[in-house]
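K.L.:
Handing over query_31.cif, mmCIF, C-alpha atoms.
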```
data_coords
#
loop_
_atom_site.label_atom_id
_atom_site.label_comp_id
_atom_site.auth_asym_id
_atom_site.auth_seq_id
_atom_site.Cartn_x
_atom_site.Cartn_y
_atom_site.Cartn_z
CA MET B 6 2.60 -14.27 11.32
CA GLY B 7 -1.02 -15.44 11.25
CA GLU B 8 -4.30 -13.59 11.19
CA PRO B 9 -4.44 -10.67 13.64
CA ASP B 10 -6.60 -11.44 16.69
CA SER B 11 -7.40 -7.78 17.32
CA VAL B 12 -7.37 -4.63 15.26
CA SER B 13 -7.21 -2.17 18.16
CA ASN B 14 -3.50 -2.08 17.37
CA LEU B 15 -2.94 -1.42 13.67
CA ASP B 16 0.70 -2.53 13.60
CA HIS B 17 -0.32 -5.41 11.32
CA CYS B 18 -1.28 -2.82 8.67
CA TYR B 19 2.00 -0.91 8.88
CA CYS B 20 5.28 -2.55 7.95
CA GLN B 21 8.77 -1.08 7.65
CA CYS B 22 9.83 -3.49 4.90
CA ARG B 23 11.54 -2.10 1.83
CA ILE B 24 9.62 -4.19 -0.72
CA ALA B 25 6.13 -5.11 0.49
CA VAL B 26 5.43 -7.49 -2.37
CA HIS B 27 8.16 -9.85 -1.10
CA CYS B 28 7.48 -9.35 2.63
CA ASN B 29 6.01 -12.25 4.62
CA ARG B 30 4.99 -10.07 7.56
CA CYS B 31 2.65 -7.51 5.99
CA GLY B 32 -0.57 -7.96 4.05
CA LYS B 33 -2.24 -10.60 6.22
CA PRO B 34 -6.07 -10.73 6.11
CA VAL B 35 -8.15 -10.28 9.25
CA LYS B 36 -10.11 -13.30 10.45
CA ASP B 37 -13.76 -12.39 9.74
CA ARG B 38 -16.15 -9.69 8.53
CA ASP B 39 -16.60 -8.16 11.98
CA ALA B 40 -12.83 -7.72 12.27
CA THR B 41 -12.84 -6.19 8.79
CA LYS B 42 -15.40 -3.55 9.81
CA GLU B 43 -13.48 -2.77 13.00
CA ALA B 44 -10.18 -2.40 11.14
CA VAL B 45 -11.67 -0.08 8.52
CA GLY B 46 -12.96 2.20 11.25
CA ALA B 47 -9.64 2.13 13.08
CA LEU B 48 -7.67 2.98 9.93
CA CYS B 49 -9.76 6.13 9.52
CA THR B 50 -9.83 7.29 13.14
CA GLN B 51 -6.68 6.09 14.91
CA SER B 52 -3.34 7.88 14.83
CA ARG B 53 -0.62 6.48 12.61
CA PRO B 54 2.49 4.92 14.16
CA ARG B 55 5.01 7.76 14.46
CA ILE B 56 7.66 6.01 12.41
CA ALA B 57 5.23 5.75 9.46
CA ASN B 58 5.48 9.54 9.03
CA VAL B 59 9.25 9.42 8.51
CA PHE B 60 10.08 5.94 7.23
CA GLY B 61 8.53 2.91 5.59
CA ASN B 62 5.20 2.36 3.92
CA GLY B 63 1.67 3.53 4.57
CA PRO B 64 -0.95 0.97 5.64
CA LEU B 65 -1.72 -2.16 3.64
CA PHE B 66 -4.98 -3.80 4.70
CA LEU B 67 -6.66 -7.02 3.55
CA SER B 68 -10.24 -7.83 4.48
CA ASP B 69 -11.22 -11.33 5.49
CA ILE B 70 -11.18 -13.77 2.57
CA PRO B 71 -14.71 -14.61 1.33
CA GLU B 72 -15.54 -18.30 1.58
CA SER B 73 -16.61 -18.23 -2.09
CA CYS B 74 -13.09 -17.04 -3.02
CA SER B 75 -11.05 -19.33 -0.77
CA SER B 76 -8.60 -21.97 -1.94
CA ASN B 77 -11.33 -24.59 -1.40
CA SER B 78 -13.47 -22.96 -4.08
CA SER B 79 -13.11 -23.89 -7.74
CA SER B 80 -14.97 -20.84 -9.06
CA GLU B 81 -13.39 -18.16 -11.23
CA ILE B 82 -12.36 -15.02 -9.32
CA VAL B 83 -12.55 -11.54 -10.88
CA LEU B 84 -10.68 -8.56 -9.42
CA GLY B 85 -10.57 -4.81 -10.04
CA ILE B 86 -8.14 -2.06 -9.03
CA ASP B 87 -8.52 1.73 -8.96
CA GLU B 88 -7.10 4.69 -7.01
CA ALA B 89 -8.19 7.97 -5.46
CA GLY B 90 -6.27 11.16 -4.72
CA ARG B 91 -3.57 10.91 -7.35
CA GLY B 92 -3.44 14.63 -8.17
CA SER B 93 -4.17 15.94 -4.68
CA VAL B 94 -1.60 18.10 -2.86
CA LEU B 95 -3.07 17.03 0.52
CA GLY B 96 -3.49 13.61 2.01
CA PRO B 97 -2.71 10.09 0.84
CA MET B 98 -3.16 8.45 -2.52
CA VAL B 99 -5.32 5.42 -1.79
CA TYR B 100 -5.38 2.28 -3.92
CA GLY B 101 -8.31 -0.09 -3.64
CA ALA B 102 -8.89 -3.60 -4.93
CA ALA B 103 -12.15 -5.54 -4.87
CA TYR B 104 -12.74 -9.15 -5.86
CA TRP B 105 -15.43 -11.81 -5.85
CA SER B 106 -16.43 -15.11 -7.41
CA ALA B 107 -17.84 -14.95 -10.92
CA ASP B 108 -20.38 -17.58 -9.84
CA VAL B 109 -21.73 -15.18 -7.22
CA GLU B 110 -21.79 -12.34 -9.74
CA ASN B 111 -23.72 -14.44 -12.26
CA THR B 112 -26.47 -15.18 -9.74
CA LYS B 113 -27.06 -11.39 -9.44
CA LYS B 114 -28.09 -11.92 -5.82
CA SER B 115 -25.07 -10.54 -4.00
CA ILE B 116 -23.19 -8.01 -6.17
CA PRO B 117 -24.97 -4.62 -6.46
CA LYS B 118 -25.74 -3.55 -10.02
CA ASP B 119 -24.76 0.05 -9.15
CA PHE B 120 -21.11 -0.94 -9.57
CA ASN B 121 -21.55 -0.92 -13.32
CA ASP B 122 -21.74 2.87 -13.55
CA SER B 123 -19.39 4.39 -10.97
CA LYS B 124 -18.92 7.60 -12.99
CA GLN B 125 -22.47 8.60 -12.08
CA LEU B 126 -22.13 7.90 -8.36
CA THR B 127 -22.71 10.72 -5.92
CA GLU B 128 -20.93 10.85 -2.58
CA LYS B 129 -24.09 9.54 -0.93
CA ASP B 130 -24.23 6.60 -3.36
CA ARG B 131 -20.56 5.79 -2.75
CA GLU B 132 -21.11 5.74 0.99
CA ARG B 133 -24.11 3.44 0.58
CA LEU B 134 -22.19 1.07 -1.68
CA PHE B 135 -19.19 1.03 0.63
CA LYS B 136 -21.46 -0.04 3.50
CA THR B 137 -22.81 -2.75 1.21
CA ILE B 138 -19.26 -3.96 0.56
CA LEU B 139 -18.51 -4.06 4.28
CA LYS B 140 -21.64 -6.10 4.98
CA ASN B 141 -21.28 -8.43 2.00
CA PRO B 142 -19.35 -11.63 2.92
CA ASP B 143 -18.90 -12.45 -0.78
CA ILE B 144 -16.80 -9.33 -1.55
CA GLY B 145 -13.16 -9.19 -0.53
CA PHE B 146 -11.11 -6.01 -0.76
CA VAL B 147 -7.65 -4.55 -0.23
CA VAL B 148 -6.56 -1.02 0.71
CA ARG B 149 -3.08 0.36 0.13
CA SER B 150 -2.63 3.94 1.34
CA LEU B 151 0.44 5.88 0.24
CA LEU B 152 0.89 8.57 2.89
CA PRO B 153 1.83 12.09 1.75
CA SER B 154 5.15 11.83 3.62
CA GLU B 155 5.85 8.52 1.85
CA ILE B 156 5.11 10.05 -1.55
CA SER B 157 7.33 13.06 -0.80
CA ARG B 158 10.25 10.93 0.40
CA ASN B 159 10.07 8.75 -2.70
CA MET B 160 9.90 11.63 -5.17
CA LEU B 161 12.53 13.85 -3.50
CA ARG B 162 15.26 11.24 -3.01
CA GLU B 163 18.48 11.29 -5.06
CA HIS B 164 17.08 8.84 -7.61
CA PRO B 165 13.34 9.73 -7.71
CA TYR B 166 10.74 6.99 -7.40
CA ASN B 167 7.92 8.56 -9.37
CA LEU B 168 4.16 8.33 -8.88
CA ASN B 169 3.60 5.98 -11.83
CA GLU B 170 6.10 3.49 -10.44
CA MET B 171 4.53 3.74 -6.98
CA SER B 172 1.10 3.14 -8.54
CA HIS B 173 2.26 0.10 -10.50
CA ASP B 174 4.02 -1.39 -7.47
CA SER B 175 0.96 -0.81 -5.28
CA ALA B 176 -1.25 -2.69 -7.74
CA ILE B 177 1.27 -5.54 -8.02
CA THR B 178 1.56 -5.76 -4.23
CA MET B 179 -2.21 -5.97 -3.74
CA ILE B 180 -2.59 -8.69 -6.35
CA ARG B 181 0.32 -10.65 -4.90
CA LYS B 182 -1.09 -10.48 -1.36
CA VAL B 183 -4.48 -11.76 -2.55
CA LEU B 184 -2.85 -14.62 -4.45
CA ASP B 185 -0.75 -15.50 -1.39
CA GLN B 186 -3.99 -16.26 0.47
CA GLY B 187 -4.92 -18.96 -2.02
CA VAL B 188 -7.34 -16.83 -4.03
CA VAL B 189 -7.08 -17.91 -7.69
CA VAL B 190 -7.67 -14.71 -9.66
CA LYS B 191 -8.57 -15.48 -13.27
CA ARG B 192 -9.27 -11.98 -14.62
CA ALA B 193 -8.29 -8.50 -13.41
CA TYR B 194 -9.61 -5.12 -14.53
CA ILE B 195 -7.22 -2.22 -13.94
CA ASP B 196 -7.78 1.50 -14.41
CA THR B 197 -4.61 2.44 -16.27
CA VAL B 198 -1.72 4.55 -15.04
CA GLY B 199 0.39 5.70 -17.97
CA HIS B 200 0.31 3.84 -21.28
CA PRO B 201 -2.28 1.02 -20.98
CA GLN B 202 -0.56 -1.46 -23.30
CA ALA B 203 2.80 -1.08 -21.57
CA TYR B 204 1.17 -1.37 -18.14
CA GLN B 205 -0.73 -4.47 -19.20
CA ARG B 206 2.45 -6.15 -20.52
CA LYS B 207 4.16 -5.38 -17.20
CA LEU B 208 1.34 -7.01 -15.23
CA GLU B 209 1.23 -10.03 -17.56
CA ARG B 210 4.96 -10.62 -17.04
CA GLU B 211 4.45 -10.48 -13.27
CA PHE B 212 1.30 -12.66 -13.25
CA PRO B 213 1.24 -14.87 -16.37
CA GLY B 214 -1.80 -16.85 -15.14
CA ILE B 215 -4.14 -13.84 -15.00
CA ASP B 216 -6.07 -12.30 -17.91
CA PHE B 217 -5.64 -8.53 -17.61
CA VAL B 218 -7.83 -5.77 -18.99
CA VAL B 219 -6.06 -2.42 -18.56
CA GLU B 220 -8.01 0.58 -19.82
CA SER B 221 -8.61 4.24 -19.13
CA LYS B 222 -11.84 4.89 -17.19
CA ALA B 223 -12.17 1.19 -16.46
CA ASP B 224 -14.19 2.01 -13.32
CA ALA B 225 -17.06 3.11 -15.57
CA LYS B 226 -17.03 -0.16 -17.54
CA TYR B 227 -16.27 -3.06 -15.20
CA ALA B 228 -18.03 -3.80 -11.90
CA PRO B 229 -14.94 -5.06 -9.96
CA CYS B 230 -13.00 -1.92 -10.94
CA SER B 231 -15.97 0.25 -9.99
CA ALA B 232 -16.18 -1.44 -6.58
CA ALA B 233 -12.43 -0.86 -6.11
CA SER B 234 -12.98 2.80 -6.95
CA VAL B 235 -15.67 3.03 -4.27
CA VAL B 236 -13.32 1.46 -1.69
CA ALA B 237 -10.46 3.81 -2.58
CA LYS B 238 -12.51 7.02 -2.70
CA VAL B 239 -14.52 6.42 0.46
CA MET B 240 -11.49 5.32 2.47
CA ARG B 241 -9.55 8.41 1.37
CA ASP B 242 -12.49 10.71 2.19
CA HIS B 243 -12.85 9.21 5.66
CA VAL B 244 -9.11 9.42 6.38
CA LEU B 245 -9.00 13.09 5.32
CA GLU B 246 -12.10 14.02 7.34
CA GLN B 247 -10.53 12.58 10.49
CA TRP B 248 -6.85 13.19 9.72
CA LYS B 249 -4.69 12.98 12.84
CA PHE B 250 -1.99 15.65 12.74
CA SER B 251 1.29 14.40 14.20
CA GLU B 252 2.41 17.97 14.90
CA PRO B 253 1.60 19.44 18.35
CA LEU B 254 -1.38 21.80 18.39
CA CYS B 255 -1.17 24.86 20.63
CA GLY B 256 -3.96 27.15 21.82
CA ASN B 257 -7.68 26.41 21.49
CA TYR B 258 -7.55 22.80 20.31
CA GLU B 259 -11.12 22.50 19.02
CA GLU B 260 -10.99 25.75 17.08
CA LEU B 261 -7.56 24.99 15.63
CA ASP B 262 -8.52 21.43 14.72
CA LYS B 263 -11.60 22.72 12.92
CA GLN B 264 -9.49 25.25 11.00
CA LEU B 265 -6.89 22.63 10.06
CA HIS B 266 -9.55 20.31 8.61
CA ASP B 267 -11.19 23.03 6.54
CA PHE B 268 -9.15 22.32 3.39
CA GLY B 269 -11.83 21.29 0.91
CA SER B 270 -11.04 18.50 -1.52
CA GLY B 271 -7.27 18.71 -1.10
CA TYR B 272 -6.72 19.46 -4.80
CA PRO B 273 -4.70 22.55 -5.83
CA SER B 274 -7.53 23.82 -8.06
CA ASP B 275 -9.90 24.00 -5.07
CA PRO B 276 -10.03 27.64 -3.76
CA LYS B 277 -10.55 26.37 -0.21
CA CYS B 278 -7.46 24.17 -0.47
CA LYS B 279 -5.46 27.07 -1.91
CA GLY B 280 -6.53 29.31 0.98
CA TRP B 281 -5.57 26.62 3.47
CA MET B 282 -2.09 26.37 1.93
CA GLU B 283 -1.63 30.14 2.17
CA ASN B 284 -2.87 30.57 5.76
CA ASN B 285 -1.88 27.37 7.53
CA PRO B 286 -1.10 27.87 11.24
CA LEU B 287 1.13 24.77 11.30
CA CYS B 288 3.33 25.88 8.40
CA ASP B 289 6.75 26.43 9.98
CA LYS B 290 9.16 28.94 8.40
CA VAL B 291 11.98 26.37 8.55
CA PHE B 292 10.38 22.91 8.56
CA GLY B 293 7.47 23.72 6.27
CA TYR B 294 4.00 22.22 6.18
CA PRO B 295 2.52 19.48 8.41
CA ASP B 296 2.75 15.92 7.14
CA LEU B 297 -0.69 16.13 5.52
CA VAL B 298 0.99 18.01 2.63
CA ARG B 299 2.96 16.41 -0.20
CA PHE B 300 6.21 18.38 -0.17
CA SER B 301 7.15 17.07 -3.61
CA TRP B 302 4.14 18.77 -5.30
CA ALA B 303 4.83 21.98 -7.22
CA PRO B 304 2.25 24.15 -5.33
CA SER B 305 3.76 23.32 -1.93
CA LYS B 306 7.34 23.72 -3.15
CA GLN B 307 6.55 27.09 -4.73
CA ARG B 308 4.76 28.31 -1.62
CA LEU B 309 7.72 27.40 0.60
CA GLU B 310 10.17 29.04 -1.80
CA ASP B 311 8.14 32.25 -1.58
CA THR B 312 7.53 32.36 2.18
CA ALA B 313 9.90 30.03 4.07
CA VAL B 314 13.37 30.80 5.40
CA SER B 315 16.16 30.05 2.94
CA VAL B 316 18.34 27.29 4.36
CA VAL B 317 21.89 26.60 3.15
CA PHE B 318 23.57 23.36 4.21
CA ARG B 319 27.31 23.37 4.87
CA ALA B 320 27.69 19.98 3.20
CA ASP B 321 26.35 21.43 -0.04
CA LEU B 322 28.77 24.37 0.20
CA ASP B 323 31.72 22.06 0.83
CA GLU B 324 30.77 19.99 -2.20
CA GLU B 325 30.47 23.10 -4.36
CA ASP B 326 33.86 24.36 -3.09
CA GLU B 327 35.48 21.02 -3.92
CA ASP B 328 34.03 21.01 -7.44
CA LEU B 329 35.18 24.61 -7.98
CA GLN B 330 38.69 23.80 -6.74
CA GLN B 331 38.98 20.86 -9.13
CA GLN B 332 37.83 23.04 -12.02
CA GLN B 333 40.36 25.73 -11.14
CA GLN B 334 43.17 23.21 -10.86
CA GLY B 335 42.30 21.77 -14.22
CA MET B 336 42.25 25.22 -15.84
CA ALA B 337 45.54 26.22 -14.21
CA SER B 338 47.20 23.07 -15.44
CA PHE B 339 45.96 23.74 -18.95
CA LEU B 340 47.21 27.33 -18.96
CA LYS B 341 50.51 26.67 -17.16
CA LYS B 342 53.42 28.35 -18.93
CA GLY B 343 56.09 26.20 -20.49
CA THR B 344 53.87 23.20 -20.96
CA THR B 345 53.58 21.94 -24.50
CA ARG B 346 51.52 19.08 -25.66
CA LYS B 347 53.63 16.41 -27.36
CA ARG B 348 52.32 15.15 -30.63
CA LYS B 349 52.14 11.38 -30.97
CA ARG B 350 54.80 10.02 -33.32
CA PHE B 351 54.07 7.65 -36.17
CA GLY B 352 54.85 3.99 -35.47
CA TYR B 353 57.30 3.79 -38.37
CA PHE B 354 59.62 6.41 -36.81
CA GLU B 355 59.16 5.07 -33.26
CA ASP B 356 60.13 1.52 -34.26
CA ARG B 357 63.32 2.69 -35.99
CA ASN B 358 64.25 5.20 -33.30
CA ILE B 359 64.36 7.98 -35.84
CA ARG B 360 64.55 11.37 -34.18
CA VAL B 361 64.16 14.85 -35.55
CA SER B 362 67.21 17.00 -34.91
CA LYS B 363 67.60 20.73 -35.36
CA LEU B 364 69.11 21.80 -38.68
CA LEU B 365 72.47 23.50 -38.13
CA THR B 366 73.25 26.42 -40.39
CA MET B 367 76.82 27.54 -41.17
#
```
What is this file in structure tokens?

P.N.:
Amino acid sequence: MGEPDSVSNLDHCYCQCRIAVHCNRCGKPVKDRDATKEAVGALCTQSRPRIANVFGNGPLFLSDIPESCSSNSSSEIVLGIDEAGRGSVLGPMVYGAAYWSADVENTKKSIPKDFNDSKQLTEKDRERLFKTILKNPDIGFVVRSLLPSEISRNMLREHPYNLNEMSHDSAITMIRKVLDQGVVVKRAYIDTVGHPQAYQRKLEREFPGIDFVVESKADAKYAPCSAASVVAKVMRDHVLEQWKFSEPLCGNYEELDKQLHDFGSGYPSDPKCKGWMENNPLCDKVFGYPDLVRFSWAPSKQRLEDTAVSVVFRADLDEEDEDLQQQQQGMASFLKKGTTRKRKRFGYFEDRNIRVSKLLTM
């Protein structure tokens, strides 16, 4: 699979593979900067493939590869990774990566200095910087969006795949896909998830040729990580603003669509988000919330327990009956009259066939 010729169809961003990091089909860069801009817009405005809501991974997108970072370049490449939406109950968790040549950075002609202080960025500043990234042919980036349905499926399965593991695997996948394009990353700055030393050791085992810096609040210290933070936050904001509900909307479409998008930041602490969760017109009494909501999050689970119809599955009852029957059989066997537990005889008596006989009295 080569570079996509068109981005009007986003199938190249969605793959149903089990392990994206080892997949040869997904994670291919688009051909040029114009295609990059078009794909970014399409990811935010087009509907997701239906199967992505019930199976597989969310989108993985690679921009075009900057000429200054290509395999023909001998310059040192620096890369940063950060995420947005980790604690939100609504919408995806978006991972972003940004990278460029250290030679370009040292000239101070192409990389905006604003990236050095992302903690102070306003929404307006982030939007401006994101446009700068899109226009700048020297900055490459990657977006990995974990859809809310994907997060819920992973966390609610029999053997849970938790958010930290998903975060680590997303970062590893993005780095691997960049390396696969011939980009020689020398140093990577990662905003930590979990214990920074343990996370750094994990990354170093996976990529022994890269110098890793894994720290908390790395987006406030290192320009590549700050740029990645801008990519992740702006992409998530745009996706949420224009979220395409897969559920059918009945009645006055415009009014209902406006009401469904009036959810604030998507975080449980936001009063607007809390009100949206309590008065959602698409919340079904049996099937629950629309796929914008992470079903595995405590606020959504508690709300459904309080208001939704209680559903009992026959398979669960059969399993409980079987377990109960086995317990009863075991107890009955233990209490059965006339059964005595034989004591193990010493080897000395067993070897000599010495038996204990009843003493006869005259």

K.L.:
Could you tell me how far atom CA of B:Arg206 lies from atom CA of B:Val218, in Å and to one decimal?

P.N.:
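The value is 10.4 Å.
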
K.L.:
Enumerate, as a PyMOL selection string, the residues matched when the PyMOL selection byres ((chain B and resi 82-89) around 7) is run on the file above.

P.N.:
chain B and resi 74+80-81+90-91+98-107+189-196+229-230+233-234+237-238+241

K.L.:
Could you work out how far atom CA of B:Ser68 lies from atom CA of B:Phe250, giving the answer in Å with one decimal?

P.N.:
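Straight-line distance from atom CA of B:Phe250 to atom CA of B:Ser68 works out to 26.2 Å.
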
K.L.:
Quick one: which stretch 141-222 of chain B residues come within 12 Å of stretch 61-64 of chain B, and what is the nearest atom pair for each with the distance in Å to one decimal, counting all atoms listed in the file, rows ordered by chain and ascending number, as JSON lines?

P.N.:
```
{"residue": "B:Val147", "atom": "CA", "partner": "B:Pro64", "partner_atom": "CA", "distance": 10.5}
{"residue": "B:Val148", "atom": "CA", "partner": "B:Pro64", "partner_atom": "CA", "distance": 7.7}
{"residue": "B:Arg149", "atom": "CA", "partner": "B:Pro64", "partner_atom": "CA", "distance": 5.9}
{"residue": "B:Ser150", "atom": "CA", "partner": "B:Gly63", "partner_atom": "CA", "distance": 5.4}
{"residue": "B:Leu151", "atom": "CA", "partner": "B:Gly63", "partner_atom": "CA", "distance": 5.1}
{"residue": "B:Leu152", "atom": "CA", "partner": "B:Gly63", "partner_atom": "CA", "distance": 5.4}
{"residue": "B:Pro153", "atom": "CA", "partner": "B:Gly63", "partner_atom": "CA", "distance": 9.0}
{"residue": "B:Ser154", "atom": "CA", "partner": "B:Gly63", "partner_atom": "CA", "distance": 9.1}
{"residue": "B:Glu155", "atom": "CA", "partner": "B:Asn62", "partner_atom": "CA", "distance": 6.5}
{"residue": "B:Ile156", "atom": "CA", "partner": "B:Asn62", "partner_atom": "CA", "distance": 9.4}
{"residue": "B:Ser157", "atom": "CA", "partner": "B:Asn62", "partner_atom": "CA", "distance": 11.9}
{"residue": "B:Arg158", "atom": "CA", "partner": "B:Gly61", "partner_atom": "CA", "distance": 9.7}
{"residue": "B:Asn159", "atom": "CA", "partner": "B:Gly61", "partner_atom": "CA", "distance": 10.3}
{"residue": "B:Met171", "atom": "CA", "partner": "B:Asn62", "partner_atom": "CA", "distance": 11.0}
{"residue": "B:Ser175", "atom": "CA", "partner": "B:Asn62", "partner_atom": "CA", "distance": 10.6}
{"residue": "B:Met179", "atom": "CA", "partner": "B:Pro64", "partner_atom": "CA", "distance": 11.7}
```

K.L.:
Given the PyMOL selection byres ((chain B and resi 288) around 12) and the file above, list the residues it selects as number ranges by chain.

P.N.:
B: 252-254, 265, 281-287, 289-298, 300, 305, 308-309, 312-314

K.L.:
Quick one: of B:Lys249, B:His266, B:His17, B:Arg23, who's nearest to B:Val35, counting only C-alpha atoms?

P.N.:
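Checking each of B:Lys249, B:His266, B:His17, B:Arg23 against B:Val35, counting only C-alpha atoms, the winner is B:His17.
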
K.L.:
Using Å and a single decimal, report how far atom CA of B:Tyr227 sits from atom CA of B:Ile70.

P.N.:
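Here the two named atoms are 21.4 Å from each other.
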
K.L.:
Name the residues that the PyMOL selection byres ((chain B and resi 197-205) around 8) picks from the file above, as a list in words, using the file's chain letters and numbers.

P.N.:
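Those residues are Asn169, Ser172, His173, Ile195, Asp196, Arg206, Lys207, Leu208, Glu209, Phe217, Val218, Val219, Glu220, Ser221, Lys222 and Ala223 of chain B.
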
K.L.:
Using all atoms listed in the file, which of the listed residues (B:Ser301, B:Thr178, B:Asn141, B:Ser78) sits closest to B:Pro117?

P.N.:
B:Asn141

K.L.:
Report as an mmCIF file with C-alpha atoms, in the frame of the given file all protein, DNA and RNA residues lying within 12 Å of B:Gln125, evaluated on all atoms listed in the file, omitting residues in the same chain fewer than 5 positions from it.

P.N.:
```cif
data_model
loop_
_atom_site.group_PDB
_atom_site.id
_atom_site.type_symbol
_atom_site.label_atom_id
_atom_site.label_comp_id
_atom_site.auth_asym_id
_atom_site.auth_seq_id
_atom_site.Cartn_x
_atom_site.Cartn_y
_atom_site.Cartn_z
ATOM 1 C CA ASP B 119 -24.760 0.050 -9.150
ATOM 2 C CA PHE B 120 -21.110 -0.940 -9.570
ATOM 3 C CA ASP B 130 -24.230 6.600 -3.360
ATOM 4 C CA ARG B 131 -20.560 5.790 -2.750
ATOM 5 C CA ASP B 224 -14.190 2.010 -13.320
ATOM 6 C CA ALA B 225 -17.060 3.110 -15.570
ATOM 7 C CA LYS B 226 -17.030 -0.160 -17.540
ATOM 8 C CA SER B 231 -15.970 0.250 -9.990
ATOM 9 C CA VAL B 235 -15.670 3.030 -4.270
#
```

K.L.:
Of the residues B:Val26, B:Leu245, B:Ala44, B:Cys18, which is the one nearest to B:Ala57, using only C-alpha atoms?

P.N.:
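Selected residue with least distance to B:Ala57: B:Cys18.
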
K.L.:
Identify which of the residues B:Gly187, B:Gly32, B:Gly145, B:Gly271 lies closest to B:Leu15, counting only C-alpha atoms when measuring atom-to-atom distances.

P.N.:
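Of B:Gly187, B:Gly32, B:Gly145, B:Gly271, the one nearest B:Leu15, counting only C-alpha atoms, is B:Gly32.
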
K.L.:
Residues within 7 Å of B:Pro71, please, as a ChimeraX atom specification. Count all atoms listed in the file; anything in the same chain fewer than 4 positions from it doesn't count.

P.N.:
/B:75,142-145

K.L.:
So, counting all atoms listed in the file, which residue among B:Ala303, B:Cys49, B:Val188, B:Ile177 is closest to B:Ile24?

P.N.:
B:Ile177

K.L.:
Identify which of the residues B:Gly96, B:Gly46, B:Pro54, B:Pro165 lies closest to B:Arg299, counting all atoms listed in the file when measuring atom-to-atom distances.

P.N.:
B:Gly96

K.L.:
Restricted to C-alpha atoms, what does stretch 20-45 of chain B look like when written out as a compact mmCIF listing (two decimals), in the first residue's frame?

P.N.:
```txt
# COMPACT_ATOMS: atom_id res chain seq x y z
CA CYS B 20 -7.59 -0.05 9.91
CA GLN B 21 -9.15 -3.14 11.48
CA CYS B 22 -5.81 -4.68 12.41
CA ARG B 23 -5.33 -6.03 15.92
CA ILE B 24 -1.84 -4.59 16.48
CA ALA B 25 -1.27 -1.39 14.50
CA VAL B 26 2.43 -1.21 15.31
CA HIS B 27 3.06 -4.39 13.27
CA CYS B 28 0.54 -3.65 10.49
CA ASN B 29 1.86 -2.85 7.00
CA ARG B 30 -1.44 -1.40 5.79
CA CYS B 31 -2.09 1.45 8.22
CA GLY B 32 -0.03 4.51 9.08
CA LYS B 33 1.02 5.55 5.58
CA PRO B 34 1.83 9.26 5.07
CA VAL B 35 -0.05 11.37 2.54
CA LYS B 36 1.93 12.63 -0.45
CA ASP B 37 2.26 16.39 0.15
CA ARG B 38 1.28 19.32 2.38
CA ASP B 39 -1.91 20.06 0.45
CA ALA B 40 -3.07 16.48 0.99
CA THR B 41 -2.18 16.85 4.67
CA LYS B 42 -4.42 19.90 5.04
CA GLU B 43 -7.26 18.18 3.21
CA ALA B 44 -7.00 15.05 5.36
CA VAL B 45 -6.99 17.02 8.61
```
